[in-house]
file final-v3.cif (mmCIF, N, CA and C atoms)
data_run
#
loop_
_atom_site.label_atom_id
_atom_site.label_comp_id
_atom_site.auth_asym_id
_atom_site.auth_seq_id
_atom_site.Cartn_x
_atom_site.Cartn_y
_atom_site.Cartn_z
N MET A 29 -12.26 -19.02 9.75
CA MET A 29 -11.60 -18.48 8.57
C MET A 29 -10.68 -19.53 7.94
N GLU A 30 -9.97 -20.29 8.77
CA GLU A 30 -9.07 -21.32 8.26
C GLU A 30 -9.83 -22.37 7.46
N ASP A 31 -11.05 -22.73 7.91
CA ASP A 31 -11.86 -23.69 7.16
C ASP A 31 -12.22 -23.14 5.79
N PHE A 32 -12.53 -21.83 5.74
CA PHE A 32 -12.88 -21.21 4.47
C PHE A 32 -11.68 -21.25 3.52
N ILE A 33 -10.50 -20.92 4.03
CA ILE A 33 -9.31 -20.92 3.19
C ILE A 33 -9.00 -22.33 2.70
N SER A 34 -9.14 -23.33 3.57
CA SER A 34 -8.92 -24.73 3.14
C SER A 34 -9.91 -25.12 2.06
N GLY A 35 -11.16 -24.72 2.23
CA GLY A 35 -12.18 -25.00 1.23
C GLY A 35 -11.89 -24.30 -0.09
N LEU A 36 -11.40 -23.06 0.00
CA LEU A 36 -11.07 -22.30 -1.20
C LEU A 36 -9.89 -22.95 -1.94
N ARG A 37 -8.90 -23.42 -1.20
CA ARG A 37 -7.78 -24.12 -1.83
C ARG A 37 -8.25 -25.39 -2.52
N ALA A 38 -9.13 -26.14 -1.87
CA ALA A 38 -9.67 -27.37 -2.48
C ALA A 38 -10.45 -27.04 -3.75
N LEU A 39 -11.24 -25.98 -3.70
CA LEU A 39 -12.02 -25.56 -4.86
C LEU A 39 -11.10 -25.14 -6.01
N LEU A 40 -10.04 -24.40 -5.69
CA LEU A 40 -9.09 -23.97 -6.71
C LEU A 40 -8.41 -25.18 -7.36
N LEU A 41 -8.05 -26.16 -6.56
CA LEU A 41 -7.44 -27.38 -7.09
C LEU A 41 -8.41 -28.10 -8.03
N GLN A 42 -9.68 -28.21 -7.63
CA GLN A 42 -10.68 -28.85 -8.49
C GLN A 42 -10.89 -28.06 -9.78
N PHE A 43 -10.91 -26.73 -9.67
CA PHE A 43 -11.05 -25.88 -10.85
C PHE A 43 -9.87 -26.11 -11.81
N GLU A 44 -8.66 -26.18 -11.23
CA GLU A 44 -7.47 -26.38 -12.04
C GLU A 44 -7.54 -27.69 -12.82
N ARG A 45 -8.13 -28.71 -12.24
CA ARG A 45 -8.24 -30.04 -12.87
C ARG A 45 -9.42 -30.14 -13.83
N SER A 46 -10.31 -29.18 -13.79
CA SER A 46 -11.53 -29.25 -14.60
C SER A 46 -11.32 -28.61 -15.97
N PRO A 47 -12.27 -28.81 -16.90
CA PRO A 47 -12.19 -28.15 -18.19
C PRO A 47 -12.83 -26.76 -18.18
N LEU A 48 -13.32 -26.31 -17.03
CA LEU A 48 -13.97 -25.00 -16.95
C LEU A 48 -13.00 -23.88 -17.29
N THR A 49 -13.51 -22.81 -17.92
CA THR A 49 -12.68 -21.63 -18.20
C THR A 49 -12.88 -20.55 -17.14
N ASP A 50 -14.03 -20.56 -16.45
CA ASP A 50 -14.26 -19.60 -15.39
C ASP A 50 -15.31 -20.15 -14.42
N LEU A 51 -15.29 -19.61 -13.21
CA LEU A 51 -16.22 -20.04 -12.16
C LEU A 51 -16.49 -18.85 -11.25
N HIS A 52 -17.76 -18.55 -11.02
CA HIS A 52 -18.17 -17.44 -10.16
C HIS A 52 -19.26 -17.94 -9.23
N PHE A 53 -19.06 -17.77 -7.91
CA PHE A 53 -20.11 -18.19 -6.98
C PHE A 53 -20.09 -17.33 -5.73
N ARG A 54 -21.18 -17.40 -4.98
CA ARG A 54 -21.33 -16.66 -3.73
C ARG A 54 -21.76 -17.62 -2.64
N LYS A 55 -21.23 -17.39 -1.44
CA LYS A 55 -21.66 -18.15 -0.27
C LYS A 55 -21.64 -17.17 0.90
N GLY A 56 -22.81 -16.87 1.42
CA GLY A 56 -22.90 -15.89 2.50
C GLY A 56 -22.37 -14.55 2.03
N GLU A 57 -21.44 -13.99 2.76
CA GLU A 57 -20.88 -12.69 2.40
C GLU A 57 -19.70 -12.80 1.43
N TRP A 58 -19.30 -14.01 1.09
CA TRP A 58 -18.14 -14.23 0.23
C TRP A 58 -18.57 -14.38 -1.23
N THR A 59 -17.78 -13.80 -2.13
CA THR A 59 -17.94 -13.95 -3.56
C THR A 59 -16.58 -14.35 -4.11
N VAL A 60 -16.55 -15.39 -4.95
CA VAL A 60 -15.29 -15.89 -5.49
C VAL A 60 -15.41 -16.02 -7.00
N PHE A 61 -14.35 -15.66 -7.69
CA PHE A 61 -14.30 -15.77 -9.15
C PHE A 61 -12.93 -16.31 -9.55
N PHE A 62 -12.93 -17.39 -10.34
CA PHE A 62 -11.70 -17.94 -10.93
C PHE A 62 -11.86 -17.88 -12.44
N ALA A 63 -10.76 -17.62 -13.15
CA ALA A 63 -10.80 -17.68 -14.61
C ALA A 63 -9.43 -18.05 -15.14
N ARG A 64 -9.44 -18.82 -16.20
CA ARG A 64 -8.22 -19.12 -16.93
C ARG A 64 -8.04 -18.03 -17.98
N PRO A 65 -6.83 -17.93 -18.56
CA PRO A 65 -6.68 -16.99 -19.68
C PRO A 65 -7.72 -17.33 -20.75
N GLY A 66 -8.41 -16.34 -21.22
CA GLY A 66 -9.46 -16.54 -22.21
C GLY A 66 -10.82 -16.78 -21.58
N GLY A 67 -10.87 -16.87 -20.24
CA GLY A 67 -12.14 -17.03 -19.54
C GLY A 67 -12.87 -15.71 -19.47
N ALA A 68 -13.99 -15.70 -18.79
CA ALA A 68 -14.81 -14.50 -18.68
C ALA A 68 -14.09 -13.41 -17.88
N ALA A 69 -14.52 -12.17 -18.11
CA ALA A 69 -14.03 -11.04 -17.32
C ALA A 69 -14.61 -11.13 -15.91
N ASN A 70 -13.91 -10.59 -14.95
CA ASN A 70 -14.35 -10.64 -13.56
C ASN A 70 -15.65 -9.85 -13.40
N PRO A 71 -16.75 -10.50 -13.05
CA PRO A 71 -18.02 -9.80 -12.91
C PRO A 71 -18.06 -8.90 -11.67
N MET A 72 -17.09 -9.07 -10.77
CA MET A 72 -17.08 -8.24 -9.56
C MET A 72 -16.46 -6.88 -9.81
N LEU A 73 -15.76 -6.71 -10.94
CA LEU A 73 -15.23 -5.40 -11.31
C LEU A 73 -16.30 -4.69 -12.13
N THR A 74 -16.69 -3.53 -11.71
CA THR A 74 -17.77 -2.82 -12.39
C THR A 74 -17.23 -1.96 -13.52
N ALA A 75 -18.07 -1.67 -14.46
CA ALA A 75 -17.71 -0.78 -15.55
C ALA A 75 -17.43 0.62 -15.03
N GLU A 76 -18.07 0.98 -13.91
CA GLU A 76 -17.84 2.31 -13.34
C GLU A 76 -16.40 2.50 -12.90
N GLU A 77 -15.76 1.45 -12.36
CA GLU A 77 -14.37 1.55 -11.93
C GLU A 77 -13.49 1.91 -13.13
N GLY A 78 -13.71 1.24 -14.26
CA GLY A 78 -12.93 1.51 -15.45
C GLY A 78 -13.16 2.91 -15.97
N ALA A 79 -14.41 3.38 -15.92
CA ALA A 79 -14.73 4.72 -16.39
C ALA A 79 -14.07 5.77 -15.50
N GLU A 80 -14.06 5.56 -14.19
CA GLU A 80 -13.43 6.51 -13.27
C GLU A 80 -11.94 6.60 -13.55
N GLN A 81 -11.28 5.46 -13.78
CA GLN A 81 -9.84 5.47 -14.05
C GLN A 81 -9.56 6.15 -15.38
N ALA A 82 -10.39 5.93 -16.37
CA ALA A 82 -10.18 6.53 -17.68
C ALA A 82 -10.36 8.03 -17.64
N ALA A 83 -11.19 8.54 -16.74
CA ALA A 83 -11.47 9.96 -16.66
C ALA A 83 -10.35 10.74 -15.98
N GLN A 84 -9.44 10.07 -15.28
CA GLN A 84 -8.37 10.75 -14.59
C GLN A 84 -7.27 11.11 -15.57
N PRO A 85 -6.94 12.42 -15.69
CA PRO A 85 -5.89 12.82 -16.62
C PRO A 85 -4.51 12.43 -16.08
N THR A 86 -3.59 12.09 -16.98
CA THR A 86 -2.22 11.80 -16.60
C THR A 86 -1.29 12.60 -17.48
N SER A 87 -0.10 12.87 -16.99
CA SER A 87 0.85 13.66 -17.75
C SER A 87 1.50 12.84 -18.86
N ALA A 88 1.61 11.55 -18.68
CA ALA A 88 2.20 10.67 -19.69
C ALA A 88 1.28 9.47 -19.88
N PRO A 89 1.36 8.83 -21.05
CA PRO A 89 0.54 7.63 -21.22
C PRO A 89 0.90 6.61 -20.15
N SER A 90 -0.10 5.95 -19.62
CA SER A 90 0.18 4.97 -18.58
C SER A 90 -0.53 3.66 -18.86
N THR A 91 0.03 2.61 -18.31
CA THR A 91 -0.52 1.27 -18.44
C THR A 91 -0.75 0.75 -17.04
N VAL A 92 -1.90 0.14 -16.82
CA VAL A 92 -2.19 -0.49 -15.53
C VAL A 92 -1.96 -1.98 -15.69
N LEU A 93 -1.10 -2.52 -14.85
CA LEU A 93 -0.86 -3.95 -14.84
C LEU A 93 -1.92 -4.60 -13.96
N ARG A 94 -2.63 -5.56 -14.51
CA ARG A 94 -3.72 -6.23 -13.78
C ARG A 94 -3.36 -7.67 -13.46
N ALA A 95 -3.95 -8.18 -12.40
CA ALA A 95 -3.69 -9.55 -11.96
C ALA A 95 -4.24 -10.54 -12.98
N PRO A 96 -3.43 -11.50 -13.43
CA PRO A 96 -3.91 -12.49 -14.38
C PRO A 96 -4.75 -13.59 -13.71
N HIS A 97 -4.67 -13.66 -12.38
CA HIS A 97 -5.45 -14.64 -11.63
C HIS A 97 -5.39 -14.31 -10.15
N LEU A 98 -6.14 -15.02 -9.37
CA LEU A 98 -6.19 -14.88 -7.93
C LEU A 98 -4.85 -15.32 -7.33
N GLY A 99 -4.41 -14.67 -6.26
CA GLY A 99 -3.19 -15.10 -5.58
C GLY A 99 -2.64 -14.02 -4.70
N LEU A 100 -1.47 -14.27 -4.12
CA LEU A 100 -0.79 -13.30 -3.27
C LEU A 100 0.19 -12.51 -4.13
N PHE A 101 0.09 -11.19 -4.08
CA PHE A 101 0.92 -10.32 -4.90
C PHE A 101 2.24 -10.03 -4.20
N GLU A 102 3.34 -10.19 -4.93
CA GLU A 102 4.68 -9.91 -4.42
C GLU A 102 5.33 -8.88 -5.36
N PRO A 103 5.32 -7.58 -5.00
CA PRO A 103 5.93 -6.59 -5.89
C PRO A 103 7.45 -6.74 -5.93
N ALA A 104 8.04 -6.44 -7.09
CA ALA A 104 9.49 -6.46 -7.25
C ALA A 104 10.01 -5.07 -7.60
N CYS A 105 9.16 -4.06 -7.43
CA CYS A 105 9.53 -2.69 -7.74
C CYS A 105 8.76 -1.76 -6.80
N ALA A 106 9.12 -0.50 -6.85
CA ALA A 106 8.46 0.50 -6.00
C ALA A 106 8.11 1.72 -6.85
N ALA A 107 7.22 2.55 -6.35
CA ALA A 107 6.85 3.77 -7.06
C ALA A 107 8.11 4.61 -7.29
N GLY A 108 8.23 5.11 -8.52
CA GLY A 108 9.39 5.93 -8.88
C GLY A 108 10.48 5.15 -9.59
N ASP A 109 10.46 3.82 -9.50
CA ASP A 109 11.48 3.01 -10.17
C ASP A 109 11.35 3.11 -11.68
N ARG A 110 12.49 3.15 -12.37
CA ARG A 110 12.50 3.08 -13.83
C ARG A 110 12.70 1.62 -14.21
N VAL A 111 11.93 1.16 -15.21
CA VAL A 111 12.00 -0.22 -15.65
C VAL A 111 12.12 -0.28 -17.17
N GLY A 112 12.70 -1.36 -17.64
CA GLY A 112 12.81 -1.59 -19.08
C GLY A 112 11.81 -2.63 -19.51
N ALA A 113 11.58 -2.72 -20.81
CA ALA A 113 10.66 -3.73 -21.33
C ALA A 113 11.19 -5.11 -20.94
N GLY A 114 10.32 -5.94 -20.39
CA GLY A 114 10.69 -7.28 -19.99
C GLY A 114 11.18 -7.40 -18.55
N ASP A 115 11.37 -6.27 -17.87
CA ASP A 115 11.82 -6.31 -16.47
C ASP A 115 10.74 -6.91 -15.58
N LEU A 116 11.17 -7.60 -14.54
CA LEU A 116 10.27 -8.19 -13.57
C LEU A 116 9.64 -7.09 -12.71
N LEU A 117 8.31 -7.03 -12.68
CA LEU A 117 7.60 -6.04 -11.88
C LEU A 117 7.04 -6.65 -10.59
N GLY A 118 6.81 -7.93 -10.60
CA GLY A 118 6.27 -8.60 -9.43
C GLY A 118 5.86 -10.01 -9.81
N ALA A 119 5.18 -10.65 -8.87
CA ALA A 119 4.72 -12.01 -9.11
C ALA A 119 3.44 -12.25 -8.32
N ILE A 120 2.69 -13.23 -8.76
CA ILE A 120 1.51 -13.67 -8.03
C ILE A 120 1.71 -15.13 -7.70
N ASP A 121 1.59 -15.44 -6.42
CA ASP A 121 1.78 -16.79 -5.93
C ASP A 121 0.43 -17.37 -5.54
N VAL A 122 0.14 -18.56 -6.06
CA VAL A 122 -1.08 -19.26 -5.67
C VAL A 122 -0.72 -20.72 -5.41
N LEU A 123 -0.84 -21.11 -4.17
CA LEU A 123 -0.55 -22.47 -3.74
C LEU A 123 0.85 -22.92 -4.16
N GLY A 124 1.81 -22.01 -4.01
CA GLY A 124 3.20 -22.34 -4.33
C GLY A 124 3.58 -22.20 -5.79
N ARG A 125 2.62 -21.89 -6.65
CA ARG A 125 2.92 -21.66 -8.07
C ARG A 125 3.04 -20.16 -8.29
N ARG A 126 4.12 -19.76 -8.92
CA ARG A 126 4.43 -18.35 -9.08
C ARG A 126 4.29 -17.93 -10.54
N THR A 127 3.55 -16.85 -10.76
CA THR A 127 3.42 -16.28 -12.10
C THR A 127 4.14 -14.94 -12.09
N GLU A 128 5.20 -14.81 -12.90
CA GLU A 128 5.95 -13.56 -12.97
C GLU A 128 5.21 -12.56 -13.84
N LEU A 129 5.26 -11.30 -13.43
CA LEU A 129 4.64 -10.20 -14.16
C LEU A 129 5.75 -9.29 -14.67
N ARG A 130 5.81 -9.10 -15.97
CA ARG A 130 6.91 -8.33 -16.57
C ARG A 130 6.38 -7.11 -17.31
N ALA A 131 7.23 -6.10 -17.41
CA ALA A 131 6.87 -4.84 -18.08
C ALA A 131 6.75 -5.08 -19.58
N ALA A 132 5.67 -4.60 -20.16
CA ALA A 132 5.47 -4.70 -21.61
C ALA A 132 6.27 -3.63 -22.34
N ALA A 133 6.59 -2.53 -21.63
CA ALA A 133 7.33 -1.42 -22.23
C ALA A 133 8.18 -0.75 -21.16
N ALA A 134 9.15 0.02 -21.59
CA ALA A 134 9.99 0.76 -20.66
C ALA A 134 9.20 1.94 -20.10
N GLY A 135 9.53 2.34 -18.89
CA GLY A 135 8.87 3.49 -18.29
C GLY A 135 9.22 3.64 -16.82
N ARG A 136 8.32 4.33 -16.10
CA ARG A 136 8.51 4.59 -14.68
C ARG A 136 7.29 4.12 -13.93
N ILE A 137 7.50 3.43 -12.82
CA ILE A 137 6.39 2.97 -11.98
C ILE A 137 5.82 4.20 -11.27
N SER A 138 4.59 4.56 -11.60
CA SER A 138 3.97 5.73 -10.96
C SER A 138 3.17 5.36 -9.74
N GLY A 139 2.88 4.07 -9.57
CA GLY A 139 2.16 3.67 -8.37
C GLY A 139 2.10 2.16 -8.22
N VAL A 140 2.31 1.71 -6.99
CA VAL A 140 2.07 0.32 -6.62
C VAL A 140 0.75 0.35 -5.88
N LEU A 141 -0.26 -0.26 -6.44
CA LEU A 141 -1.64 -0.11 -5.97
C LEU A 141 -2.06 -1.16 -4.95
N VAL A 142 -1.21 -2.16 -4.72
CA VAL A 142 -1.52 -3.26 -3.80
C VAL A 142 -0.31 -3.49 -2.91
N ALA A 143 -0.54 -3.72 -1.64
CA ALA A 143 0.56 -3.98 -0.70
C ALA A 143 1.14 -5.38 -0.91
N ALA A 144 2.38 -5.54 -0.51
CA ALA A 144 3.03 -6.85 -0.60
C ALA A 144 2.25 -7.90 0.17
N ASN A 145 2.12 -9.07 -0.45
CA ASN A 145 1.44 -10.23 0.13
C ASN A 145 -0.06 -10.06 0.33
N ASP A 146 -0.66 -9.06 -0.33
CA ASP A 146 -2.12 -8.94 -0.32
C ASP A 146 -2.71 -9.96 -1.28
N LEU A 147 -3.87 -10.49 -0.92
CA LEU A 147 -4.60 -11.38 -1.81
C LEU A 147 -5.27 -10.53 -2.88
N VAL A 148 -5.00 -10.84 -4.14
CA VAL A 148 -5.59 -10.08 -5.24
C VAL A 148 -6.51 -10.98 -6.05
N GLU A 149 -7.46 -10.36 -6.72
CA GLU A 149 -8.42 -11.07 -7.56
C GLU A 149 -8.05 -10.90 -9.02
N TYR A 150 -8.58 -11.77 -9.85
CA TYR A 150 -8.40 -11.68 -11.30
C TYR A 150 -8.81 -10.29 -11.77
N GLY A 151 -7.96 -9.64 -12.54
CA GLY A 151 -8.28 -8.34 -13.12
C GLY A 151 -8.03 -7.16 -12.21
N GLU A 152 -7.63 -7.39 -10.97
CA GLU A 152 -7.40 -6.29 -10.03
C GLU A 152 -6.17 -5.49 -10.46
N SER A 153 -6.23 -4.16 -10.34
CA SER A 153 -5.11 -3.29 -10.68
C SER A 153 -3.99 -3.46 -9.66
N LEU A 154 -2.76 -3.69 -10.16
CA LEU A 154 -1.62 -3.93 -9.28
C LEU A 154 -0.62 -2.78 -9.30
N LEU A 155 -0.24 -2.36 -10.50
CA LEU A 155 0.78 -1.33 -10.68
C LEU A 155 0.35 -0.40 -11.80
N GLU A 156 0.88 0.81 -11.75
CA GLU A 156 0.67 1.74 -12.85
C GLU A 156 2.03 2.12 -13.40
N LEU A 157 2.20 1.96 -14.71
CA LEU A 157 3.47 2.22 -15.39
C LEU A 157 3.28 3.35 -16.39
N GLU A 158 4.02 4.45 -16.19
CA GLU A 158 4.02 5.56 -17.14
C GLU A 158 5.03 5.25 -18.22
N THR A 159 4.59 5.30 -19.47
CA THR A 159 5.48 5.01 -20.58
C THR A 159 5.77 6.30 -21.35
N ALA A 160 6.83 6.30 -22.13
CA ALA A 160 7.19 7.48 -22.93
C ALA A 160 6.13 7.70 -23.99
N ALA A 161 5.85 8.98 -24.25
CA ALA A 161 4.83 9.34 -25.24
C ALA A 161 5.27 9.07 -26.64
#

call {"tool": "encode", "arguments": {"input": "final-v3.cif", "output": "structure tokens"}}
result
Amino acid sequence: MEDFISGLRALLLQFERSPLTDLHFRKGEWTVFFARPGGAANPMLTAEEGAEQAAQPTSAPSTVLRAPHLGLFEPACAAGDRVGAGDLLGAIDVLGRRTELRAAAAGRISGVLVAANDLVEYGESLLELETAA
């Protein structure tokens, strides 16, 4: 497993230095997808997942915060917390580089969908924020 992680880090470094906007490949049972902002949507996320989430009724309008890239998720809030626009909700760390995730609007965190320090993929749902109607 350590060899795979070292290889993945090397690949990510090469991707970062390249002009590519996205990269998707498979090796054995592993599938990896990298994308820069403006790159392709994650092909590993199915349209069915989005349809299932859209079909679930909610009492207030909600926003799902999605991972902007691969990395380790560090939440800075918990379910039930009230947040203001611009408040820090969490961060994604990849090879020591930290991307802060901030609230686009004021509201209440209705769910933290990923555990602290879990490896997340591009486009993965991280938090759900209920906003005022």

call {"tool": "atom_distance", "arguments": {"input": "final-v3.cif", "atom1": "CA of Glu156 (chain A)", "atom2": "atom N of Ala69 (chain A)"}}
result
21.3 Å

call {"tool": "atom_distance", "arguments": {"input": "final-v3.cif", "atom1": "CA of Asp50 (chain A)", "atom2": "CA of Pro65 (chain A)"}}
result
9.1 Å

call {"tool": "closest_residue", "arguments": {"input": "final-v3.cif", "among": "A:Pro103, A:Gly112, A:Leu48, A:Lys55", "to": "Gly67 (chain A)", "atoms": "only N, CA and C atoms"}}
result
A:Leu48

call {"tool": "residues_around", "arguments": {"input": "final-v3.cif", "residues": "region 123-136 of chain A", "least_positions_apart": "2", "cutoff": "7 Å", "atoms": "all atoms listed in the file", "output": "list in words"}}
result
Gly99, Leu100, Ala107, Gly108, Asp109, Arg110, Val111, Gly112, Ala113, Gly114, Asp115, Leu116, Leu117, Gly118, Ala119, Ile120, Asp121, Ser138, Gly139, Glu156, Leu157, Glu158, Thr159 and Ala160 of chain A

call {"tool": "resolve_selection", "arguments": {"input": "final-v3.cif", "expression": "the PyMOL selection byres ((chain A and resi 151) around 5)", "output": "ChimeraX atom specification"}}
result
/A:94-96,149-150,152-153

call {"tool": "atom_distance", "arguments": {"input": "final-v3.cif", "atom1": "atom C of Arg54 (chain A)", "atom2": "atom N of Asp31 (chain A)"}}
result
15.9 Å

call {"tool": "closest_residue", "arguments": {"input": "final-v3.cif", "among": "A:Leu41, A:Val148, A:Val142, A:Leu154", "to": "Val92 (chain A)", "atoms": "only C-alpha atoms"}}
result
A:Leu154

call {"tool": "select_by_dssp", "arguments": {"input": "final-v3.cif", "residues": "region 30-145 of chain A", "states": "strand (DSSP E or B)", "output": "ChimeraX atom specification"}}
result
/A:50-55,58-63,90-94,99-103,110-111,116-122,125-130,135-140

call {"tool": "write_last_selection", "arguments": {"input": "final-v3.cif", "atoms": "N, CA and C atoms", "output": "compact mmCIF listing (two decimals), in the coordinates of the input"}}
result
# COMPACT_ATOMS: atom_id res chain seq x y z
N ASP A 50 -14.03 -20.56 -16.45
CA ASP A 50 -14.26 -19.60 -15.39
C ASP A 50 -15.31 -20.15 -14.42
N LEU A 51 -15.29 -19.61 -13.21
CA LEU A 51 -16.22 -20.04 -12.16
C LEU A 51 -16.49 -18.85 -11.25
N HIS A 52 -17.76 -18.55 -11.02
CA HIS A 52 -18.17 -17.44 -10.16
C HIS A 52 -19.26 -17.94 -9.23
N PHE A 53 -19.06 -17.77 -7.91
CA PHE A 53 -20.11 -18.19 -6.98
C PHE A 53 -20.09 -17.33 -5.73
N ARG A 54 -21.18 -17.40 -4.98
CA ARG A 54 -21.33 -16.66 -3.73
C ARG A 54 -21.76 -17.62 -2.64
N LYS A 55 -21.23 -17.39 -1.44
CA LYS A 55 -21.66 -18.15 -0.27
C LYS A 55 -21.64 -17.17 0.90
N TRP A 58 -19.30 -14.01 1.09
CA TRP A 58 -18.14 -14.23 0.23
C TRP A 58 -18.57 -14.38 -1.23
N THR A 59 -17.78 -13.80 -2.13
CA THR A 59 -17.94 -13.95 -3.56
C THR A 59 -16.58 -14.35 -4.11
N VAL A 60 -16.55 -15.39 -4.95
CA VAL A 60 -15.29 -15.89 -5.49
C VAL A 60 -15.41 -16.02 -7.00
N PHE A 61 -14.35 -15.66 -7.69
CA PHE A 61 -14.30 -15.77 -9.15
C PHE A 61 -12.93 -16.31 -9.55
N PHE A 62 -12.93 -17.39 -10.34
CA PHE A 62 -11.70 -17.94 -10.93
C PHE A 62 -11.86 -17.88 -12.44
N ALA A 63 -10.76 -17.62 -13.15
CA ALA A 63 -10.80 -17.68 -14.61
C ALA A 63 -9.43 -18.05 -15.14
N SER A 90 -0.10 5.95 -19.62
CA SER A 90 0.18 4.97 -18.58
C SER A 90 -0.53 3.66 -18.86
N THR A 91 0.03 2.61 -18.31
CA THR A 91 -0.52 1.27 -18.44
C THR A 91 -0.75 0.75 -17.04
N VAL A 92 -1.90 0.14 -16.82
CA VAL A 92 -2.19 -0.49 -15.53
C VAL A 92 -1.96 -1.98 -15.69
N LEU A 93 -1.10 -2.52 -14.85
CA LEU A 93 -0.86 -3.95 -14.84
C LEU A 93 -1.92 -4.60 -13.96
N ARG A 94 -2.63 -5.56 -14.51
CA ARG A 94 -3.72 -6.23 -13.78
C ARG A 94 -3.36 -7.67 -13.46
N GLY A 99 -4.41 -14.67 -6.26
CA GLY A 99 -3.19 -15.10 -5.58
C GLY A 99 -2.64 -14.02 -4.70
N LEU A 100 -1.47 -14.27 -4.12
CA LEU A 100 -0.79 -13.30 -3.27
C LEU A 100 0.19 -12.51 -4.13
N PHE A 101 0.09 -11.19 -4.08
CA PHE A 101 0.92 -10.32 -4.90
C PHE A 101 2.24 -10.03 -4.20
N GLU A 102 3.34 -10.19 -4.93
CA GLU A 102 4.68 -9.91 -4.42
C GLU A 102 5.33 -8.88 -5.36
N PRO A 103 5.32 -7.58 -5.00
CA PRO A 103 5.93 -6.59 -5.89
C PRO A 103 7.45 -6.74 -5.93
N ARG A 110 12.49 3.15 -12.37
CA ARG A 110 12.50 3.08 -13.83
C ARG A 110 12.70 1.62 -14.21
N VAL A 111 11.93 1.16 -15.21
CA VAL A 111 12.00 -0.22 -15.65
C VAL A 111 12.12 -0.28 -17.17
N LEU A 116 11.17 -7.60 -14.54
CA LEU A 116 10.27 -8.19 -13.57
C LEU A 116 9.64 -7.09 -12.71
N LEU A 117 8.31 -7.03 -12.68
CA LEU A 117 7.60 -6.04 -11.88
C LEU A 117 7.04 -6.65 -10.59
N GLY A 118 6.81 -7.93 -10.60
CA GLY A 118 6.27 -8.60 -9.43
C GLY A 118 5.86 -10.01 -9.81
N ALA A 119 5.18 -10.65 -8.87
CA ALA A 119 4.72 -12.01 -9.11
C ALA A 119 3.44 -12.25 -8.32
N ILE A 120 2.69 -13.23 -8.76
CA ILE A 120 1.51 -13.67 -8.03
C ILE A 120 1.71 -15.13 -7.70
N ASP A 121 1.59 -15.44 -6.42
CA ASP A 121 1.78 -16.79 -5.93
C ASP A 121 0.43 -17.37 -5.54
N VAL A 122 0.14 -18.56 -6.06
CA VAL A 122 -1.08 -19.26 -5.67
C VAL A 122 -0.72 -20.72 -5.41
N ARG A 125 2.62 -21.89 -6.65
CA ARG A 125 2.92 -21.66 -8.07
C ARG A 125 3.04 -20.16 -8.29
N ARG A 126 4.12 -19.76 -8.92
CA ARG A 126 4.43 -18.35 -9.08
C ARG A 126 4.29 -17.93 -10.54
N THR A 127 3.55 -16.85 -10.76
CA THR A 127 3.42 -16.28 -12.10
C THR A 127 4.14 -14.94 -12.09
N GLU A 128 5.20 -14.81 -12.90
CA GLU A 128 5.95 -13.56 -12.97
C GLU A 128 5.21 -12.56 -13.84
N LEU A 129 5.26 -11.30 -13.43
CA LEU A 129 4.64 -10.20 -14.16
C LEU A 129 5.75 -9.29 -14.67
N ARG A 130 5.81 -9.10 -15.97
CA ARG A 130 6.91 -8.33 -16.57
C ARG A 130 6.38 -7.11 -17.31
N GLY A 135 9.53 2.34 -18.89
CA GLY A 135 8.87 3.49 -18.29
C GLY A 135 9.22 3.64 -16.82
N ARG A 136 8.32 4.33 -16.10
CA ARG A 136 8.51 4.59 -14.68
C ARG A 136 7.29 4.12 -13.93
N ILE A 137 7.50 3.43 -12.82
CA ILE A 137 6.39 2.97 -11.98
C ILE A 137 5.82 4.20 -11.27
N SER A 138 4.59 4.56 -11.60
CA SER A 138 3.97 5.73 -10.96
C SER A 138 3.17 5.36 -9.74
N GLY A 139 2.88 4.07 -9.57
CA GLY A 139 2.16 3.67 -8.37
C GLY A 139 2.10 2.16 -8.22
N VAL A 140 2.31 1.71 -6.99
CA VAL A 140 2.07 0.32 -6.62
C VAL A 140 0.75 0.35 -5.88
